[in-house]
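S.K.: Below you'll find work_32.txt; it's compact mmCIF, C-alpha atoms.
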```txt
# COMPACT_ATOMS: atom_id res chain seq x y z
CA MET R 1 79.44 74.89 129.44
CA ASP R 2 79.79 75.05 133.23
CA LEU R 3 77.44 77.72 134.61
CA GLY R 4 79.66 78.11 137.66
CA SER R 5 82.64 79.19 135.54
CA LEU R 6 80.46 81.63 133.61
CA ALA R 7 79.16 83.09 136.88
CA ALA R 8 82.75 83.43 138.12
CA VAL R 9 83.71 85.31 134.95
CA PHE R 10 80.72 87.63 135.32
CA VAL R 11 81.19 88.37 139.03
CA GLY R 12 84.93 88.78 138.56
CA VAL R 13 84.68 91.44 135.86
CA VAL R 14 81.74 93.27 137.49
CA PHE R 15 83.10 93.56 141.03
CA ILE R 16 86.64 92.22 141.50
CA ASN R 17 88.27 93.49 138.28
CA ASN R 18 85.86 96.33 137.54
CA PHE R 19 87.13 98.19 134.48
CA VAL R 20 86.69 101.63 136.05
CA LEU R 21 87.44 101.13 139.73
CA ALA R 22 90.07 98.38 139.54
CA GLN R 23 91.67 98.76 136.09
CA PHE R 24 91.08 102.51 135.71
CA LEU R 25 89.68 102.27 132.19
CA GLY R 26 86.93 104.56 130.94
CA ILE R 27 87.69 107.31 133.47
CA CYS R 28 86.72 110.16 131.10
CA PRO R 29 83.00 109.30 130.77
CA PHE R 30 82.99 108.04 134.36
CA LEU R 31 83.83 111.53 135.61
CA GLY R 32 82.18 113.53 132.84
CA VAL R 33 78.72 111.92 132.71
CA SER R 34 78.23 111.11 136.40
CA ARG R 35 76.58 114.36 137.43
CA ARG R 36 73.03 112.94 137.21
CA VAL R 37 71.79 109.41 137.81
CA ASP R 38 69.58 109.29 134.71
CA MET R 39 72.42 110.37 132.43
CA ALA R 40 74.85 107.97 134.13
CA PHE R 41 72.47 105.04 133.81
CA GLY R 42 71.87 105.84 130.14
CA MET R 43 75.58 106.02 129.47
CA GLY R 44 76.08 102.74 131.34
CA CYS R 45 73.46 101.02 129.19
CA ALA R 46 75.01 102.42 126.01
CA VAL R 47 78.51 101.27 127.01
CA THR R 48 77.18 97.84 128.02
CA PHE R 49 75.54 97.40 124.61
CA VAL R 50 78.58 98.59 122.67
CA MET R 51 81.02 96.55 124.77
CA THR R 52 79.00 93.33 124.50
CA ILE R 53 78.36 93.52 120.76
CA SER R 54 81.91 94.69 120.04
CA GLY R 55 83.44 91.87 122.07
CA VAL R 56 81.35 89.20 120.37
CA THR R 57 81.67 90.65 116.86
CA SER R 58 85.42 91.15 117.07
CA TRP R 59 85.85 87.59 118.39
CA LEU R 60 83.84 86.24 115.44
CA ILE R 61 85.82 88.28 112.90
CA VAL R 62 89.19 87.27 114.34
CA HIS R 63 88.34 83.57 114.60
CA GLY R 64 86.04 83.35 111.58
CA ILE R 65 87.99 85.46 109.07
CA LEU R 66 91.47 86.54 110.13
CA MET R 67 92.65 83.18 111.45
CA PRO R 68 91.34 81.00 108.55
CA VAL R 69 92.56 83.43 105.89
CA GLY R 70 95.87 83.92 107.71
CA SER R 71 96.45 80.17 107.90
CA ARG R 72 96.23 80.02 104.10
CA LEU R 73 98.64 82.93 103.64
CA GLY R 74 101.42 81.71 105.88
CA GLY R 75 100.16 80.95 109.37
CA PRO R 76 97.16 81.66 111.62
CA GLU R 77 98.88 84.74 113.07
CA SER R 78 99.96 86.31 109.77
CA LEU R 79 96.96 88.69 109.72
CA PHE R 80 96.82 89.36 113.45
CA PHE R 81 98.18 92.87 112.92
CA LEU R 82 94.70 93.70 111.56
CA LYS R 83 93.03 92.87 114.87
CA TYR R 84 93.37 96.39 116.23
CA VAL R 85 91.84 97.86 113.09
CA VAL R 86 88.96 95.41 113.43
CA PHE R 87 88.42 96.31 117.08
CA ILE R 88 88.27 100.05 116.38
CA MET R 89 86.01 99.70 113.33
CA VAL R 90 83.58 97.42 115.14
CA ILE R 91 83.41 99.75 118.16
CA ALA R 92 82.86 102.79 115.93
CA ALA R 93 80.04 101.01 114.06
CA MET R 94 78.30 100.03 117.30
CA VAL R 95 78.55 103.58 118.64
CA GLN R 96 76.93 104.88 115.46
CA LEU R 97 74.00 102.50 116.01
CA VAL R 98 73.57 103.71 119.58
CA GLU R 99 73.83 107.35 118.49
CA MET R 100 71.17 106.96 115.80
CA TYR R 101 68.86 105.11 118.20
CA LEU R 102 69.14 107.73 120.94
CA ARG R 103 68.75 110.61 118.48
CA LYS R 104 65.50 109.12 117.18
CA PHE R 105 63.86 107.78 120.34
CA PHE R 106 65.52 109.69 123.22
CA PRO R 107 66.47 113.14 121.86
CA ALA R 108 66.69 114.72 125.32
CA LEU R 109 69.17 112.08 126.50
CA TYR R 110 71.07 112.38 123.22
CA THR R 111 71.42 116.14 123.74
CA ALA R 112 72.39 115.72 127.39
CA PHE R 113 75.23 113.34 126.51
CA GLY R 114 76.72 115.91 124.16
CA VAL R 115 80.27 115.12 123.09
CA PHE R 116 80.54 112.14 125.44
CA LEU R 117 78.32 109.94 123.25
CA PRO R 118 80.57 109.87 120.16
CA LEU R 119 83.53 109.64 122.53
CA ILE R 120 82.36 106.13 123.44
CA THR R 121 84.29 105.18 120.30
CA THR R 122 87.51 106.10 122.08
CA ASN R 123 86.43 104.71 125.45
CA CYS R 124 89.46 102.70 126.51
CA ALA R 125 87.26 100.37 128.59
CA ILE R 126 85.59 99.02 125.44
CA LEU R 127 88.84 98.65 123.53
CA GLY R 128 90.35 97.15 126.68
CA ALA R 129 87.61 94.51 126.79
CA CYS R 130 88.34 93.49 123.20
CA LEU R 131 92.08 93.36 123.88
CA LEU R 132 91.68 91.38 127.11
CA ILE R 133 89.46 88.86 125.35
CA ASP R 134 92.12 88.41 122.70
CA MET R 135 95.02 88.24 125.19
CA ASN R 136 93.44 85.87 127.71
CA GLU R 137 93.43 82.24 126.61
CA THR R 138 90.30 81.50 128.66
CA TYR R 139 88.22 83.99 126.67
CA ARG R 140 90.10 83.63 123.40
CA ASN R 141 89.09 79.99 123.12
CA SER R 142 85.43 80.41 124.10
CA LEU R 143 82.86 82.67 122.45
CA VAL R 144 80.41 82.22 125.34
CA LYS R 145 82.94 83.24 127.98
CA SER R 146 84.01 86.16 125.81
CA ALA R 147 80.39 87.33 125.59
CA VAL R 148 79.89 86.98 129.34
CA PHE R 149 83.14 88.84 130.00
CA ALA R 150 82.20 91.72 127.67
CA PHE R 151 78.66 91.94 129.07
CA GLY R 152 79.94 91.82 132.65
CA GLY R 153 82.44 94.56 131.88
CA GLY R 154 79.62 96.77 130.62
CA VAL R 155 77.47 96.00 133.66
CA GLY R 156 80.38 96.81 135.95
CA PHE R 157 80.88 100.13 134.18
CA ALA R 158 77.15 100.90 134.48
CA ILE R 159 77.14 100.10 138.21
CA ALA R 160 80.24 102.20 138.87
CA ILE R 161 79.05 105.28 136.99
CA THR R 162 75.50 105.10 138.39
CA VAL R 163 76.71 104.77 141.99
CA MET R 164 79.11 107.64 141.40
CA ALA R 165 76.29 109.79 140.03
CA GLY R 166 74.11 109.05 143.05
CA ILE R 167 76.89 110.11 145.40
CA ARG R 168 77.57 113.29 143.42
CA GLU R 169 73.90 114.23 143.50
CA HIS R 170 73.95 114.02 147.31
CA LEU R 171 77.19 116.01 147.44
CA ARG R 172 75.36 119.00 145.98
CA PHE R 173 73.58 119.42 149.30
CA SER R 174 76.67 118.72 151.42
CA ASP R 175 78.96 121.25 153.05
CA VAL R 176 82.10 120.53 151.04
CA PRO R 177 85.20 122.55 152.03
CA LYS R 178 85.90 125.22 149.46
CA PRO R 179 89.35 123.88 148.37
CA LEU R 180 87.75 120.50 147.56
CA GLN R 181 84.72 121.76 145.67
CA GLY R 182 84.44 120.62 142.06
CA ALA R 183 87.05 118.26 140.73
CA GLY R 184 88.70 117.73 144.11
CA ILE R 185 85.76 116.13 145.89
CA THR R 186 84.86 114.20 142.73
CA LEU R 187 88.29 112.58 142.54
CA LEU R 188 88.31 111.86 146.27
CA THR R 189 84.90 110.22 145.97
CA ALA R 190 86.13 108.09 143.08
CA CYS R 191 89.15 107.00 145.15
CA ILE R 192 86.99 106.02 148.13
CA LEU R 193 84.59 104.16 145.84
CA SER R 194 87.53 102.30 144.31
CA LEU R 195 88.76 101.35 147.79
CA ALA R 196 85.28 100.07 148.63
CA PHE R 197 85.28 97.83 145.57
CA MET R 198 88.66 96.44 146.59
CA GLY R 199 86.76 94.62 149.34
CA PHE R 200 85.31 92.34 146.68
CA ALA R 201 88.81 91.06 145.91
CA GLY R 202 88.44 88.64 148.80
CA ILE R 203 85.84 86.76 146.76
CA GLY R 204 88.55 85.60 144.39
CA LYS R 205 90.69 84.07 147.15
```
Would you mind writing the file's structure down as structure tokens?

M.R.:
Amino acid sequence: MDLGSLAAVFVGVVFINNFVLAQFLGICPFLGVSRRVDMAFGMGCAVTFVMTISGVTSWLIVHGILMPVGSRLGGPESLFFLKYVVFIMVIAAMVQLVEMYLRKFFPALYTAFGVFLPLITTNCAILGACLLIDMNETYRNSLVKSAVFAFGGGVGFAIAITVMAGIREHLRFSDVPKPLQGAGITLLTACILSLAFMGFAGIGK
């Protein structure tokens, strides 16, 4: 496996095609859990774990079970309608593991996350990673590249939400115009941060 191609996949999904700031996936936790850096970093780590394991596990189930069984029943794609069920079930199982771990070892962080922790199950960034792996021939035909893509997607999410949290913490001490206080300045900050990440697009040219 060419390390250069793996590095290109990783850098591309972290900076150039960042799930949050370029593809606008996972906006709900990005805005809801980015009030404090410690919470944002914890959420980023949780999403990275779930996205990586879900991407790898779903790839193994599709290529190790659905395709071989489907080929015996009438064609490799005869059971592909079950892929979406597999993706959702795998993601839900991984979220349960994270929830149990945080509840046991980090109860304060578990309480701080509140409803946003179980909502990782419906985080469209994680489901989007599984779907993109399945739709893109480059990742669909390589488990290693799929794993790097899923891990990079999680890292990109963690970077985006942590940077956003750091900015929002500083905004507390800033003189924000009254009409923009609250959601207004948060959305404007997210837009500017997205524009900043667009500068990385030149790397791909």

S.K.: Would you pick out the contacts of Asn141 in chain R at 10 Å or less, using all atoms listed in the file, so that residues sharing its chain but fewer than 6 positions from it are not included, and give the list as a list in words?

M.R.: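 That gives Trp59, His63, Ile133 and Asp134 of chain R.
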
S.K.: Hey, which of R:Gly153, R:Gly42, R:Phe197, R:Ile27 ends up closest to Phe106 in chain R? Count all atoms listed in the file.

M.R.: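 Looking only at the distances to Phe106 in chain R, the closest residue turns out to be R:Gly42.
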
S.K.: Of the candidates R:Ile120, R:Leu82, R:Ala93, R:Val37, which shows the shortest atom-to-atom distance to Ser54 in chain R, using only C-alpha atoms?

M.R.: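 Of R:Ile120, R:Leu82, R:Ala93, R:Val37, the one nearest Ser54 in chain R, counting only C-alpha atoms, is R:Ala93.
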
S.K.: Emit as JSON the padded axis-aligned box for all listed atoms of range 84-101 of chain R, 3 Å per side, with centre and edge lengths in Å to one decimal.

M.R.:
```
{"center_x": 81.1, "center_y": 101.4, "center_z": 116.3, "size_x": 30.5, "size_y": 17.9, "size_z": 12.5}
```

S.K.: Quick one: distance from CA of Phe157 in chain R to CA of Asp38 in chain R in Å, one decimal?

M.R.: 14.6 Å

S.K.: Quote the spacing between CA of Leu132 in chain R and CA of Leu25 in chain R in Å to one decimal place.

M.R.: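 One can read the CA of Leu132 in chain R to CA of Leu25 in chain R distance as 12.2 Å.
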
S.K.: Looking at only C-alpha atoms, which of R:Ala190, R:Val56, R:Asp2, R:Thr122 is the one that sits closest to Val163 in chain R?

M.R.: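 That would be R:Ala190, the residue with the smallest distance to Val163 in chain R.
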
S.K.: With a distance cut-off of 12 Å and all atoms listed in the file, select the neighbouring residues of Ala183 in chain R, excluding the residue or stretch itself and same-chain residues fewer than 4 positions from it, and output the selection as a PyMOL selection string.

M.R.: chain R and resi 31-32+35+168+176+178-179+187-190

S.K.: One decimal, in Å: what's the spacing between CA of Phe151 in chain R and CA of Thr52 in chain R?

M.R.: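 Separating CA of Phe151 in chain R from CA of Thr52 in chain R is a distance of 4.8 Å.
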
S.K.: Of the candidates R:Ile126, R:Leu66, R:Arg72, R:Ala46, which one gets nearest to Glu99 in chain R if we count only C-alpha atoms?

M.R.: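 Of R:Ile126, R:Leu66, R:Arg72, R:Ala46, the one nearest Glu99 in chain R is R:Ala46, counting only C-alpha atoms.
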
S.K.: Per residue of range 124-174 of chain R within 12 Å of range 7-17 of chain R, what are the shortest atom pair and its distance in Å to one decimal, counting all atoms listed in the file, with rows by chain and residue number, as a Markdown table?

M.R.:
```
| residue | atom | partner | partner_atom | distance |
| --- | --- | --- | --- | --- |
| R:Ala125 | CA | R:Val13 | CA | 11.8 |
| R:Ala129 | CA | R:Val13 | CA | 10.0 |
| R:Leu132 | CA | R:Val13 | CA | 11.2 |
| R:Ile133 | CA | R:Val9 | CA | 11.7 |
| R:Thr138 | CA | R:Val9 | CA | 9.9 |
| R:Tyr139 | CA | R:Val9 | CA | 9.5 |
| R:Val144 | CA | R:Val9 | CA | 10.6 |
| R:Lys145 | CA | R:Val9 | CA | 7.3 |
| R:Ser146 | CA | R:Val9 | CA | 9.2 |
| R:Ala147 | CA | R:Phe10 | CA | 9.7 |
| R:Val148 | CA | R:Phe10 | CA | 6.1 |
| R:Phe149 | CA | R:Phe10 | CA | 6.0 |
| R:Ala150 | CA | R:Val13 | CA | 8.6 |
| R:Phe151 | CA | R:Phe10 | CA | 7.9 |
| R:Gly152 | CA | R:Phe10 | CA | 5.0 |
| R:Gly153 | CA | R:Val13 | CA | 5.5 |
| R:Gly154 | CA | R:Val14 | CA | 8.0 |
| R:Val155 | CA | R:Val14 | CA | 6.4 |
| R:Gly156 | CA | R:Val14 | CA | 4.1 |
| R:Phe157 | CA | R:Val14 | CA | 7.7 |
| R:Ala158 | CA | R:Val14 | CA | 9.4 |
| R:Ile159 | CA | R:Val14 | CA | 8.3 |
| R:Ala160 | CA | R:Val14 | CA | 9.2 |
```

S.K.: Pick out the closest residue to Asn123 in chain R from this set: R:Asn136, R:Ser34, R:Thr48, R:Ser71. Count all atoms listed in the file.

M.R.: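 Ranking R:Asn136, R:Ser34, R:Thr48, R:Ser71 by distance to Asn123 in chain R, first place goes to R:Thr48.
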
S.K.: Using only C-alpha atoms, which residue out of R:Leu6, R:Ala40, R:Ile88, R:Ile65 lies closest to Gly166 in chain R?

M.R.: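 Between R:Leu6, R:Ala40, R:Ile88, R:Ile65, the residue approaching Gly166 in chain R most closely is R:Ala40.
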
S.K.: Enumerate, as a list in words, the protein, DNA and RNA residues whose atoms approach (82.5, 105.1, 120.4) to within 6 Å, taking into account only C-alpha atoms and the coordinate frame of the file.

M.R.: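 Output: Ile91, Ala92, Val95, Pro118, Leu119, Ile120, Thr121 and Thr122 of chain R.
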